[in-house]
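*Asks:* The structure file final.txt (compact mmCIF, C-alpha atoms (C1' of nucleotides)) is provided below.
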# COMPACT_ATOMS: atom_id res chain seq x y z
CA MET A 18 0.00 0.00 0.00
CA ASP A 19 1.02 3.57 0.75
CA THR A 20 3.20 4.07 -2.32
CA GLY A 21 2.59 7.77 -2.07
CA THR A 22 0.26 7.72 -5.04
CA VAL A 23 -3.30 8.90 -4.76
CA ASN A 24 -6.20 6.51 -4.90
CA THR A 25 -8.15 6.96 -8.12
CA ARG A 26 -11.51 6.05 -6.55
CA GLU A 27 -11.26 8.76 -3.93
CA GLN A 28 -14.60 10.39 -4.71
CA GLY A 29 -16.46 11.70 -1.67
CA GLU A 30 -16.44 9.68 1.53
CA GLN A 31 -14.93 6.62 -0.16
CA VAL A 32 -11.71 6.94 1.79
CA ASP A 33 -9.69 3.85 2.53
CA ARG A 34 -11.72 0.78 3.29
CA GLN A 35 -9.70 -0.19 6.34
CA SER A 36 -10.85 2.86 8.30
CA ARG A 37 -14.39 2.30 7.19
CA ILE A 38 -14.24 -1.23 8.51
CA LEU A 39 -12.92 -0.01 11.85
CA GLU A 40 -15.54 2.70 11.96
CA ALA A 41 -18.27 0.15 11.25
CA ALA A 42 -17.00 -2.05 14.07
CA LEU A 43 -17.08 0.90 16.48
CA GLU A 44 -20.59 1.80 15.42
CA LEU A 45 -21.91 -1.73 15.85
CA LEU A 46 -20.13 -2.21 19.15
CA SER A 47 -21.65 0.98 20.47
CA ARG A 48 -25.15 0.16 19.28
CA HIS A 49 -25.48 -3.57 19.91
CA GLY A 50 -22.57 -4.65 22.07
CA ILE A 51 -20.08 -7.34 21.28
CA SER A 52 -22.73 -9.84 20.26
CA GLY A 53 -23.79 -7.44 17.52
CA VAL A 54 -20.28 -7.31 16.08
CA SER A 55 -20.00 -10.22 13.68
CA MET A 56 -17.59 -10.13 10.79
CA ARG A 57 -20.56 -10.25 8.45
CA ALA A 58 -22.34 -7.39 10.19
CA VAL A 59 -19.18 -5.29 10.10
CA ALA A 60 -18.76 -5.98 6.40
CA ARG A 61 -22.38 -5.05 5.72
CA GLU A 62 -22.14 -1.84 7.78
CA ALA A 63 -18.94 -0.86 5.99
CA GLY A 64 -20.38 -1.69 2.57
CA VAL A 65 -17.64 -4.21 1.91
CA ALA A 66 -17.33 -7.92 1.23
CA LEU A 67 -16.88 -10.33 4.10
CA GLY A 68 -13.41 -11.42 3.03
CA LEU A 69 -12.06 -7.89 3.16
CA VAL A 70 -12.56 -7.63 6.90
CA ASN A 71 -10.28 -10.61 7.40
CA TYR A 72 -7.89 -9.14 4.86
CA TYR A 73 -7.22 -6.02 6.92
CA TYR A 74 -7.71 -7.61 10.34
CA GLU A 75 -6.46 -11.15 10.49
CA ASP A 76 -8.61 -11.96 13.49
CA LYS A 77 -11.85 -10.79 14.96
CA SER A 78 -9.92 -10.03 18.11
CA SER A 79 -7.46 -7.94 16.08
CA LEU A 80 -10.39 -5.88 14.94
CA ILE A 81 -11.71 -5.44 18.46
CA ARG A 82 -8.21 -4.65 19.68
CA ALA A 83 -7.94 -1.92 17.04
CA ALA A 84 -11.26 -0.53 18.24
CA LEU A 85 -10.02 -0.52 21.81
CA HIS A 86 -6.82 1.30 20.86
CA SER A 87 -8.78 3.85 18.90
CA VAL A 88 -10.98 4.71 21.87
CA ASP A 89 -8.06 4.70 24.28
CA LYS A 90 -6.20 7.17 22.08
CA HIS A 91 -9.26 9.39 22.09
CA ASP A 92 -9.50 9.22 25.89
CA LEU A 93 -5.86 10.09 26.38
CA ALA A 94 -6.28 13.22 24.28
CA LEU A 95 -8.68 14.50 26.92
CA VAL A 96 -5.85 15.09 29.37
CA ALA A 97 -3.23 16.22 26.85
CA GLN A 98 -1.35 19.40 27.70
CA ASP A 99 -2.15 22.55 25.76
CA PRO A 100 0.80 24.98 25.77
CA GLY A 101 -1.40 27.89 24.74
CA LEU A 102 -3.20 28.04 28.07
CA SER A 103 -2.34 28.64 31.69
CA PRO A 104 -1.98 25.47 33.81
CA GLU A 105 -5.17 26.29 35.70
CA GLU A 106 -7.13 26.69 32.50
CA GLN A 107 -5.70 23.47 31.08
CA LEU A 108 -6.85 21.57 34.14
CA ARG A 109 -10.26 23.19 34.23
CA ASN A 110 -10.81 22.53 30.54
CA ALA A 111 -9.82 18.92 30.92
CA LEU A 112 -12.27 18.47 33.77
CA ARG A 113 -15.11 20.12 31.91
CA ARG A 114 -14.39 18.33 28.67
CA VAL A 115 -15.67 15.03 30.05
CA ALA A 116 -19.17 16.51 30.20
CA GLY A 117 -18.87 18.30 26.90
CA PRO A 118 -21.20 17.56 24.02
CA GLU A 119 -18.61 15.48 22.15
CA LEU A 120 -18.12 13.14 25.11
CA LEU A 121 -21.51 12.88 26.68
CA THR A 122 -23.07 11.32 23.61
CA THR A 123 -24.79 7.98 23.84
CA ARG A 124 -22.56 6.67 21.10
CA TYR A 125 -19.32 7.32 22.93
CA LEU A 126 -20.50 6.34 26.40
CA SER A 127 -22.07 3.17 25.17
CA LEU A 128 -18.89 2.30 23.32
CA ARG A 129 -16.85 2.84 26.45
CA LEU A 130 -19.18 0.69 28.49
CA HIS A 131 -19.05 -2.19 26.05
CA LEU A 132 -15.28 -2.01 25.89
CA TRP A 133 -15.08 -2.15 29.68
CA ALA A 134 -17.35 -5.15 29.72
CA LEU A 135 -15.20 -6.74 27.05
CA ALA A 136 -12.10 -6.15 29.11
CA ARG A 137 -13.71 -8.04 31.99
CA ALA A 138 -14.27 -11.05 29.76
CA ASP A 139 -10.92 -11.15 27.98
CA GLU A 140 -7.59 -10.85 29.71
CA ASP A 141 -5.75 -9.36 26.73
CA PHE A 142 -8.25 -6.55 26.48
CA ALA A 143 -8.03 -6.07 30.22
CA LEU A 144 -4.29 -5.45 30.02
CA ILE A 145 -4.65 -2.93 27.20
CA ASN A 146 -7.42 -1.19 29.09
CA ALA A 147 -5.51 -1.08 32.36
CA ALA A 148 -2.48 0.43 30.62
CA ALA A 149 -4.63 3.10 29.00
CA PHE A 150 -6.29 3.82 32.33
CA ASP A 151 -2.87 4.33 33.91
CA ARG A 152 -1.80 6.71 31.20
CA TYR A 153 -5.00 8.70 31.65
CA LEU A 154 -4.33 8.88 35.37
CA ASP A 155 -0.78 10.04 34.69
CA GLY A 156 -2.00 12.71 32.30
CA LEU A 157 -4.53 14.02 34.76
CA ALA A 158 -2.02 13.97 37.62
CA ALA A 159 0.41 15.95 35.47
CA LEU A 160 -2.22 18.61 34.76
CA ILE A 161 -2.91 18.86 38.47
CA GLY A 162 0.80 19.11 39.23
CA ASN A 163 1.19 21.97 36.78
CA ALA A 164 -1.75 23.88 38.20
CA ARG A 165 -0.75 23.20 41.82
CA PRO A 166 3.05 23.05 41.92
CA GLU A 167 3.05 22.90 45.72
CA LEU A 168 1.55 19.39 45.65
CA SER A 169 3.75 16.32 45.76
CA ALA A 170 3.55 13.79 42.94
CA LYS A 171 1.82 11.38 45.28
CA GLU A 172 -0.83 13.94 46.22
CA CYS A 173 -1.46 14.71 42.54
CA ARG A 174 -1.90 11.07 41.79
CA GLU A 175 -4.35 10.69 44.69
CA ARG A 176 -6.45 13.58 43.52
CA ALA A 177 -6.41 12.25 40.01
CA ALA A 178 -7.64 8.88 41.26
CA ASP A 179 -10.46 10.51 43.20
CA ILE A 180 -11.47 12.57 40.21
CA VAL A 181 -11.51 9.57 37.93
CA VAL A 182 -13.91 7.82 40.28
CA VAL A 183 -16.37 10.68 39.92
CA GLN A 184 -15.80 10.93 36.17
CA ASN A 185 -16.39 7.25 35.62
CA GLY A 186 -19.52 7.56 37.69
CA MET A 187 -20.73 10.43 35.53
CA TRP A 188 -20.11 8.50 32.34
CA LEU A 189 -21.91 5.46 33.61
CA THR A 190 -24.80 7.29 35.22
CA ALA A 191 -25.29 9.46 32.16
CA LEU A 192 -26.15 6.30 30.25
CA LEU A 193 -28.92 5.57 32.74
CA GLY A 194 -30.38 8.99 32.08
CA VAL A 195 -29.64 10.84 35.28
CA ASP A 196 -30.57 14.49 35.03
CA LYS A 197 -28.16 17.04 33.63
CA GLU A 198 -28.10 19.02 36.85
CA SER A 199 -26.53 16.13 38.69
CA ILE A 200 -23.85 15.90 36.02
CA ARG A 201 -23.17 19.62 36.42
CA ARG A 202 -22.81 19.27 40.18
CA SER A 203 -20.49 16.31 39.72
CA ILE A 204 -18.28 18.33 37.43
CA ALA A 205 -18.11 20.99 40.13
CA ARG A 206 -17.13 18.26 42.56
CA THR A 207 -14.20 17.19 40.39
CA GLU A 208 -13.04 20.80 40.29
CA GLU A 209 -13.26 21.04 44.06
CA ILE A 210 -11.09 17.96 44.39
CA ALA A 211 -8.58 19.22 41.88
CA PHE A 212 -8.23 22.77 43.21
CA ALA A 213 -8.68 22.10 46.92
CA ALA A 214 -6.23 23.89 49.15
CA MET B 9 -44.45 -27.97 41.21
CA ASP B 10 -44.78 -26.53 44.71
CA THR B 11 -47.35 -29.03 45.98
CA GLY B 12 -46.08 -28.50 49.48
CA THR B 13 -44.40 -31.89 49.53
CA VAL B 14 -40.70 -32.19 50.14
CA ASN B 15 -38.30 -33.19 47.40
CA THR B 16 -36.92 -36.65 48.04
CA ARG B 17 -33.55 -35.96 46.43
CA GLU B 18 -32.81 -33.03 48.70
CA GLN B 19 -29.44 -34.25 49.89
CA GLY B 20 -26.84 -31.50 50.41
CA GLU B 21 -26.62 -28.69 47.86
CA GLN B 22 -28.91 -30.48 45.40
CA VAL B 23 -31.68 -27.95 45.89
CA ASP B 24 -34.06 -27.24 43.08
CA ARG B 25 -32.53 -27.27 39.66
CA GLN B 26 -34.13 -24.04 38.52
CA SER B 27 -32.14 -21.98 41.02
CA ARG B 28 -28.99 -23.82 40.08
CA ILE B 29 -29.57 -22.95 36.44
CA LEU B 30 -30.06 -19.28 37.32
CA GLU B 31 -26.98 -19.36 39.53
CA ALA B 32 -24.96 -20.89 36.71
CA ALA B 33 -26.11 -18.17 34.33
CA LEU B 34 -25.07 -15.48 36.81
CA GLU B 35 -21.69 -17.08 37.29
CA LEU B 36 -21.00 -17.37 33.57
CA LEU B 37 -22.25 -13.86 32.88
CA SER B 38 -19.95 -12.48 35.53
CA ARG B 39 -16.91 -14.42 34.35
CA HIS B 40 -17.18 -14.32 30.57
CA GLY B 41 -19.83 -11.79 29.66
CA ILE B 42 -22.89 -12.40 27.55
CA SER B 43 -20.97 -14.21 24.83
CA GLY B 44 -19.95 -16.80 27.43
CA VAL B 45 -23.56 -17.50 28.33
CA SER B 46 -24.78 -20.13 25.91
CA MET B 47 -27.61 -22.46 26.86
CA ARG B 48 -25.16 -25.35 26.65
CA ALA B 49 -22.59 -23.66 28.86
CA VAL B 50 -25.27 -22.86 31.42
CA ALA B 51 -26.45 -26.46 31.41
CA ARG B 52 -22.88 -27.71 31.85
CA GLU B 53 -22.15 -25.26 34.69
CA ALA B 54 -25.38 -26.26 36.44
CA GLY B 55 -24.73 -29.96 35.93
CA VAL B 56 -27.96 -30.38 34.03
CA ALA B 57 -29.07 -31.46 30.57
CA LEU B 58 -29.47 -28.87 27.84
CA GLY B 59 -33.21 -29.36 27.52
CA LEU B 60 -33.84 -28.52 31.14
CA VAL B 61 -32.67 -24.96 30.71
CA ASN B 62 -35.34 -24.38 28.09
CA TYR B 63 -37.80 -26.20 30.30
CA TYR B 64 -37.54 -23.70 33.13
CA TYR B 65 -36.76 -20.65 30.98
CA GLU B 66 -38.62 -20.71 27.71
CA ASP B 67 -36.17 -18.30 26.11
CA LYS B 68 -32.56 -17.37 26.48
CA SER B 69 -33.76 -13.84 27.06
CA SER B 70 -36.09 -15.06 29.81
CA LEU B 71 -33.06 -16.51 31.52
CA ILE B 72 -31.11 -13.28 31.19
CA ARG B 73 -34.13 -11.31 32.36
CA ALA B 74 -34.32 -13.51 35.45
CA ALA B 75 -30.65 -12.84 36.09
CA LEU B 76 -31.25 -9.11 35.77
CA HIS B 77 -34.15 -9.20 38.21
CA SER B 78 -32.11 -11.21 40.67
CA VAL B 79 -29.32 -8.64 40.71
CA ASP B 80 -31.74 -5.73 40.84
CA LYS B 81 -33.44 -7.23 43.88
CA HIS B 82 -30.05 -7.56 45.52
CA ASP B 83 -29.22 -3.94 44.77
CA LEU B 84 -32.47 -2.65 46.15
CA ALA B 85 -31.83 -4.43 49.44
CA LEU B 86 -28.81 -2.19 49.90
CA VAL B 87 -31.01 0.81 50.59
CA ALA B 88 -33.76 -0.99 52.50
CA GLN B 89 -34.81 0.56 55.80
CA ASP B 90 -33.77 -1.14 59.03
CA PRO B 91 -36.15 -0.28 61.88
CA GLY B 92 -33.64 -1.37 64.51
CA LEU B 93 -31.31 1.54 63.86
CA SER B 94 -31.41 5.29 64.04
CA PRO B 95 -32.02 7.06 60.71
CA GLU B 96 -28.46 8.40 60.69
CA GLU B 97 -27.02 4.94 61.22
CA GLN B 98 -29.26 3.46 58.55
CA LEU B 99 -28.01 6.00 56.04
CA ARG B 100 -24.38 5.63 57.04
CA ASN B 101 -24.61 1.85 56.85
CA ALA B 102 -26.18 1.99 53.43
CA LEU B 103 -23.43 4.26 52.17
CA ARG B 104 -20.68 2.09 53.59
CA ARG B 105 -22.24 -1.13 52.43
CA VAL B 106 -21.41 -0.41 48.81
CA ALA B 107 -17.72 -0.76 49.61
CA GLY B 108 -18.22 -3.73 51.90
CA PRO B 109 -16.60 -7.07 51.24
CA GLU B 110 -19.82 -8.63 49.91
CA LEU B 111 -20.26 -5.93 47.29
CA LEU B 112 -16.77 -5.05 46.24
CA THR B 113 -16.05 -8.51 44.91
CA THR B 114 -14.99 -9.00 41.34
CA ARG B 115 -17.88 -11.40 40.83
CA TYR B 116 -20.57 -8.89 41.75
CA LEU B 117 -19.03 -5.87 40.07
CA SER B 118 -18.32 -7.74 36.90
CA LEU B 119 -21.88 -9.02 36.85
CA ARG B 120 -23.23 -5.51 37.25
CA LEU B 121 -21.03 -4.23 34.46
CA HIS B 122 -22.13 -6.93 32.03
CA LEU B 123 -25.77 -6.30 32.86
CA TRP B 124 -25.34 -2.61 32.21
CA ALA B 125 -23.72 -3.35 28.89
CA LEU B 126 -26.55 -5.73 28.09
CA ALA B 127 -29.08 -3.05 28.89
CA ARG B 128 -27.43 -0.78 26.34
CA ALA B 129 -27.81 -3.42 23.65
CA ASP B 130 -31.37 -4.53 24.38
CA GLU B 131 -34.26 -2.15 24.95
CA ASP B 132 -36.26 -4.53 27.16
CA PHE B 133 -33.34 -4.93 29.51
CA ALA B 134 -32.82 -1.18 29.47
CA LEU B 135 -36.36 -0.58 30.73
CA ILE B 136 -36.00 -3.11 33.54
CA ASN B 137 -32.67 -1.59 34.49
CA ALA B 138 -33.94 1.97 34.44
CA ALA B 139 -36.87 1.03 36.67
CA ALA B 140 -34.56 -0.67 39.15
CA PHE B 141 -32.27 2.35 39.09
CA ASP B 142 -35.19 4.61 39.91
CA ARG B 143 -36.24 2.42 42.82
CA TYR B 144 -32.68 2.48 44.14
CA LEU B 145 -32.65 6.26 43.89
CA ASP B 146 -35.99 6.41 45.73
CA GLY B 147 -34.71 4.15 48.49
CA LEU B 148 -31.59 6.21 48.98
CA ALA B 149 -33.53 9.47 48.93
CA ALA B 150 -35.87 8.06 51.58
CA LEU B 151 -32.94 7.16 53.83
CA ILE B 152 -31.59 10.67 53.44
CA GLY B 153 -34.99 12.15 54.18
CA ASN B 154 -35.26 10.16 57.40
CA ALA B 155 -31.82 11.20 58.56
CA ARG B 156 -32.31 14.84 57.55
CA PRO B 157 -36.00 15.64 58.01
CA GLU B 158 -35.37 19.32 57.32
CA LEU B 159 -34.61 18.60 53.65
CA SER B 160 -37.30 18.76 51.00
CA ALA B 161 -38.06 15.68 48.93
CA LYS B 162 -36.46 17.37 45.95
CA GLU B 163 -33.27 18.06 47.84
CA CYS B 164 -33.12 14.46 49.05
CA ARG B 165 -33.51 13.22 45.52
CA GLU B 166 -30.75 15.54 44.32
CA ARG B 167 -28.36 14.33 46.97
CA ALA B 168 -29.23 10.75 46.18
CA ALA B 169 -28.49 11.35 42.50
CA ASP B 170 -25.12 12.91 43.34
CA ILE B 171 -24.25 10.02 45.63
CA VAL B 172 -25.16 7.45 43.03
CA VAL B 173 -22.77 9.09 40.57
CA VAL B 174 -19.92 8.59 43.01
CA GLN B 175 -21.05 5.07 43.89
CA ASN B 176 -21.26 4.00 40.28
CA GLY B 177 -17.83 5.46 39.77
CA MET B 178 -16.49 3.44 42.69
CA TRP B 179 -17.97 0.24 41.37
CA LEU B 180 -16.62 0.78 37.92
CA THR B 181 -13.21 2.00 38.98
CA ALA B 182 -12.83 -0.82 41.47
CA LEU B 183 -12.92 -3.20 38.51
CA LEU B 184 -9.98 -1.38 36.98
CA GLY B 185 -8.01 -1.92 40.15
CA VAL B 186 -7.82 1.55 41.61
CA ASP B 187 -6.27 1.55 45.06
CA LYS B 188 -8.35 0.92 48.17
CA GLU B 189 -7.49 4.30 49.63
CA SER B 190 -9.26 6.08 46.81
CA ILE B 191 -12.34 3.95 47.42
CA ARG B 192 -12.21 4.88 51.09
CA ARG B 193 -11.99 8.57 50.27
CA SER B 194 -14.88 8.25 47.83
CA ILE B 195 -17.03 6.64 50.51
CA ALA B 196 -16.23 9.60 52.72
CA ARG B 197 -17.28 11.86 49.88
CA THR B 198 -20.68 10.19 49.63
CA GLU B 199 -21.14 10.72 53.37
CA GLU B 200 -20.25 14.37 53.00
CA ILE B 201 -22.88 14.77 50.32
CA ALA B 202 -25.50 12.94 52.35
CA PHE B 203 -24.93 14.71 55.67
CA ALA B 204 -24.00 18.16 54.41
CA ALA B 205 -25.64 21.01 56.27
C1' DG C 2 1.07 -4.25 -24.47
C1' DT C 3 2.94 -8.05 -20.28
C1' DG C 4 3.82 -8.85 -15.47
C1' DC C 5 3.03 -8.33 -10.84
C1' DA C 6 1.37 -7.32 -6.45
C1' DA C 7 -2.20 -5.38 -3.70
C1' DG C 8 -7.09 -5.12 -3.29
C1' DT C 9 -11.59 -7.36 -3.35
C1' DT C 10 -15.07 -10.84 -3.79
C1' DG C 11 -18.21 -14.58 -2.21
C1' DA C 12 -18.54 -19.53 -1.78
C1' DA C 13 -17.33 -23.12 1.29
C1' DC C 14 -16.06 -25.49 5.76
C1' DG C 15 -16.47 -26.92 10.42
C1' DA C 16 -17.83 -25.48 14.78
C1' DG C 17 -21.17 -23.58 17.72
C1' DT C 18 -25.76 -21.41 18.44
C1' DG C 19 -31.01 -21.45 20.28
C1' DT C 20 -34.93 -24.13 20.02
C1' DT C 21 -37.94 -28.21 19.52
C1' DC C 22 -39.44 -32.62 20.70
C1' DA C 23 -40.08 -37.59 21.24
C1' DA C 24 -38.64 -40.51 24.82
C1' DT C 25 -37.84 -41.70 29.52
C1' DA C 26 -37.88 -41.58 34.72
C1' DG C 27 -40.13 -40.69 39.10
C1' DG C 28 -43.39 -40.36 42.47
C1' DA C 29 -48.09 -39.44 44.06
C1' DA C 30 -52.94 -40.62 43.41
C1' DA C 31 -56.30 -44.00 42.10
C1' DT D 20 -50.89 -52.25 39.83
C1' DT D 21 -52.23 -48.72 36.58
C1' DT D 22 -52.60 -43.81 35.63
C1' DC D 23 -51.04 -39.32 35.15
C1' DC D 24 -48.43 -35.31 35.49
C1' DT D 25 -44.01 -33.27 36.23
C1' DA D 26 -39.14 -33.48 35.66
C1' DT D 27 -35.32 -34.68 32.79
C1' DT D 28 -32.71 -36.24 28.93
C1' DG D 29 -30.14 -35.78 24.53
C1' DA D 30 -30.67 -36.12 19.59
C1' DA D 31 -31.99 -33.35 15.79
C1' DC D 32 -33.10 -29.00 13.22
C1' DA D 33 -32.05 -24.81 10.94
C1' DC D 34 -29.16 -21.15 11.47
C1' DT D 35 -25.12 -18.05 12.35
C1' DC D 36 -20.45 -17.76 13.42
C1' DG D 37 -15.14 -16.97 12.23
C1' DT D 38 -11.93 -18.36 9.00
C1' DT D 39 -9.94 -19.92 4.62
C1' DC D 40 -9.21 -19.70 -0.12
C1' DA D 41 -9.37 -19.75 -5.11
C1' DA D 42 -10.84 -16.52 -8.27
C1' DC D 43 -11.17 -11.96 -10.04
C1' DT D 44 -10.22 -6.81 -10.61
C1' DT D 45 -7.40 -2.87 -10.47
C1' DG D 46 -3.51 0.15 -11.23
C1' DC D 47 1.21 0.86 -11.55
C1' DA D 48 6.15 -0.63 -13.34
C1' DC D 49 8.42 -2.32 -16.99
Please re-express this file's structure in structure tokens.
*Replies:*
Amino acid sequence: MDTGTVNTREQGEQVDRQSRILEAALELLSRHGISGVSMRAVAREAGVALGLVNYYYEDKSSLIRAALHSVDKHDLALVAQDPGLSPEEQLRNALRRVAGPELLTTRYLSLRLHLWALARADEDFALINAAAFDRYLDGLAALIGNARPELSAKECRERAADIVVVQNGMWLTALLGVDKESIRRSIARTEEIAFAA
Amino acid sequence: MDTGTVNTREQGEQVDRQSRILEAALELLSRHGISGVSMRAVAREAGVALGLVNYYYEDKSSLIRAALHSVDKHDLALVAQDPGLSPEEQLRNALRRVAGPELLTTRYLSLRLHLWALARADEDFALINAAAFDRYLDGLAALIGNARPELSAKECRERAADIVVVQNGMWLTALLGVDKESIRRSIARTEEIAFAA
DNA sequence: GTGCAAGTTGAACGAGTGTTCAATAGGAAA
DNA sequence: TTTCCTATTGAACACTCGTTCAACTTGCAC
């Protein structure tokens, strides 16, 4: 592949089929859970023949693993540092982002939930997930450390852990349809934890 | 069935087969997720012939529904009132129970997670789950109301919602192996919310 | 043009799925 | 004993699953 040449059939949304297959898998996983993700269903959703799914992803578990990595990468970006802002603003933005409109969609939350459930059932996925969780915790602790330089690394990590508990609760509870006001108050609670004196 | 007569084969743990089938389904669901729960696997785990599973549960989804109800009943008991204690103690006990050794086991948490994921994939399960969630919220709000009679029903409900966010977060994060100290601090946080002036 | 490699297709295979059902066992009632 | 209903079994059915593979198309290098 990537010989540097341009695909001739690149009209409209017909980008490369591999991404469309991955996207289809994410969509099906979010909507119907793992039991809705069959190779045939993925092929159908992506508008592609069955064989092509196994061409780009040798296994079904390779496909799911790719989906997991894709979501993990997305999660990690939430706590990435942004040099254009003050440390306090970076932290506050990161904390508010988790209740932003891009995150608090059914599609994303449902996807996250199904991936967590998957990680409980498969040890390989569990390891990937745990590593991503650790990196997220590190990222959040770093943001806290920048905004509150007087805190020790251990204290930052503790606050990050406490915040993640509330954030995970928000994600999960949002799926059950808890009212928006409770989400707002929970966001405020994460800020209290982060900025506490 | 229940003619009032005693089963002759009631030696040891050989109680009625229907409960053993349900128990097997719960065990498999907790360990391997929904894709590990096949009628055959349930029969094997329960030490029973395949046909018997469909004899007691006409459908696979009836079986899963029974599992859901069983867990929901268990959850609701967490916020049941206990006339032998003062309202404050009842509330405090309920809040601490969610981090108790019976609850914070991998088996229970994993089961809960898989049921949540299942509810996202199947609308019937979602309705059952949402109803159970509401009853749990009501129970918790009632405990708060008893302990803090000066609060309005609306305020109780709000506090209950905020507490549930943290509790759900604890459950979920406990599965990812967050340290026990963070769980302890989160419990304290739920108590702060409940008893705040 | 010919050659070649990557991309793409769908049929085929064996394994596993949920469900049905005729057959059997067991114990209480007659 | 015979009768009858419940409990229990496992074979059988039609179906879906993940995976493999031979065939075919496409586009670039020569």
*Asks:* Taking only C-alpha atoms (C1' of nucleotides) into account, report as JSON, numbers by chain which residues of chain A lie within 10 Å of chain C.
*Replies:* {"A": [18, 34, 65, 66, 67, 68, 69, 72]}
*Asks:* CA of Ala202 in chain B to CA of Leu193 in chain A: how many Å, to one decimal?
*Replies:* 21.2 Å
*Asks:* Could you check the closest approach to chain A for each of B:Val61, B:Leu117, B:Leu148, B:Leu76 and tell me which residue wins, using all atoms listed in the file?
*Replies:*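 Closest candidate: B:Leu117.
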*Asks:* Least-squares superposition of chain A on chain B, every Cα paired in order: what RMSD, in Å?
*Replies:* 0.1 Å
*Asks:* Between CA of Cys173 in chain A and CA of Arg192 in chain B, what is the distance in Å, rounded to a tenth?
*Replies:*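 Separation of CA of Cys173 in chain A and CA of Arg192 in chain B: 16.9 Å.
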*Asks:* So the first atom is CA of Ala158 in chain A and the second is CA of Glu172 in chain A; what is the distance between them in Å, to one decimal place?
*Replies:*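 Pair CA of Ala158 in chain A / CA of Glu172 in chain A returns 8.7 Å.
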*Asks:* Determine, for each residue of chain B having at least one atom at most 8 Å from an atom of chain A, the closest pair of atoms and their separation in Å to one decimal, counting only C-alpha atoms; order by chain and ascending number, as a Markdown table.
*Replies:*
| residue | atom | partner | partner_atom | distance |
| --- | --- | --- | --- | --- |
| B:Arg39 | CA | A:Ala138 | CA | 6.3 |
| B:His40 | CA | A:Ala138 | CA | 4.5 |
| B:Gly41 | CA | A:Ala138 | CA | 5.6 |
| B:Ile42 | CA | A:Ser52 | CA | 7.7 |
| B:Ser43 | CA | A:Ser52 | CA | 6.6 |
| B:Ser118 | CA | A:Arg137 | CA | 6.7 |
| B:Leu121 | CA | A:Ala134 | CA | 6.1 |
| B:His122 | CA | A:Ala134 | CA | 5.6 |
| B:Trp124 | CA | A:Leu130 | CA | 7.9 |
| B:Ala125 | CA | A:His131 | CA | 5.6 |
| B:Leu126 | CA | A:Gly50 | CA | 7.3 |
| B:Arg128 | CA | A:Ser127 | CA | 6.8 |
| B:Ala129 | CA | A:His49 | CA | 4.4 |
| B:Asp130 | CA | A:His49 | CA | 7.5 |
| B:Ala138 | CA | A:Leu193 | CA | 6.4 |
| B:Phe141 | CA | A:Leu193 | CA | 7.9 |
| B:Glu166 | CA | A:Ser199 | CA | 7.1 |
| B:Ala169 | CA | A:Ser199 | CA | 6.4 |
| B:Asp170 | CA | A:Ser199 | CA | 5.8 |
| B:Val172 | CA | A:Gly186 | CA | 7.8 |
| B:Val173 | CA | A:Gly186 | CA | 4.6 |
| B:Val174 | CA | A:Val183 | CA | 5.1 |
| B:Gln175 | CA | A:Gly186 | CA | 6.9 |
| B:Asn176 | CA | A:Gly186 | CA | 4.7 |
| B:Gly177 | CA | A:Gly186 | CA | 3.4 |
| B:Met178 | CA | A:Val182 | CA | 5.6 |
| B:Leu180 | CA | A:Asn185 | CA | 6.9 |
| B:Thr181 | CA | A:Val182 | CA | 6.0 |
| B:Leu184 | CA | A:Ala147 | CA | 6.4 |
| B:Val186 | CA | A:Ala178 | CA | 7.3 |
| B:Ser190 | CA | A:Asp179 | CA | 5.8 |
| B:Arg193 | CA | A:Asp179 | CA | 7.5 |
| B:Ser194 | CA | A:Asp179 | CA | 6.8 |
*Asks:* Grab the residues selected above and save them as a compact mmCIF listing (two decimals), in the frame of the given file with C-alpha atoms.
*Replies:*
# COMPACT_ATOMS: atom_id res chain seq x y z
CA ARG B 39 -16.91 -14.42 34.35
CA HIS B 40 -17.18 -14.32 30.57
CA GLY B 41 -19.83 -11.79 29.66
CA ILE B 42 -22.89 -12.40 27.55
CA SER B 43 -20.97 -14.21 24.83
CA SER B 118 -18.32 -7.74 36.90
CA LEU B 121 -21.03 -4.23 34.46
CA HIS B 122 -22.13 -6.93 32.03
CA TRP B 124 -25.34 -2.61 32.21
CA ALA B 125 -23.72 -3.35 28.89
CA LEU B 126 -26.55 -5.73 28.09
CA ARG B 128 -27.43 -0.78 26.34
CA ALA B 129 -27.81 -3.42 23.65
CA ASP B 130 -31.37 -4.53 24.38
CA ALA B 138 -33.94 1.97 34.44
CA PHE B 141 -32.27 2.35 39.09
CA GLU B 166 -30.75 15.54 44.32
CA ALA B 169 -28.49 11.35 42.50
CA ASP B 170 -25.12 12.91 43.34
CA VAL B 172 -25.16 7.45 43.03
CA VAL B 173 -22.77 9.09 40.57
CA VAL B 174 -19.92 8.59 43.01
CA GLN B 175 -21.05 5.07 43.89
CA ASN B 176 -21.26 4.00 40.28
CA GLY B 177 -17.83 5.46 39.77
CA MET B 178 -16.49 3.44 42.69
CA LEU B 180 -16.62 0.78 37.92
CA THR B 181 -13.21 2.00 38.98
CA LEU B 184 -9.98 -1.38 36.98
CA VAL B 186 -7.82 1.55 41.61
CA SER B 190 -9.26 6.08 46.81
CA ARG B 193 -11.99 8.57 50.27
CA SER B 194 -14.88 8.25 47.83
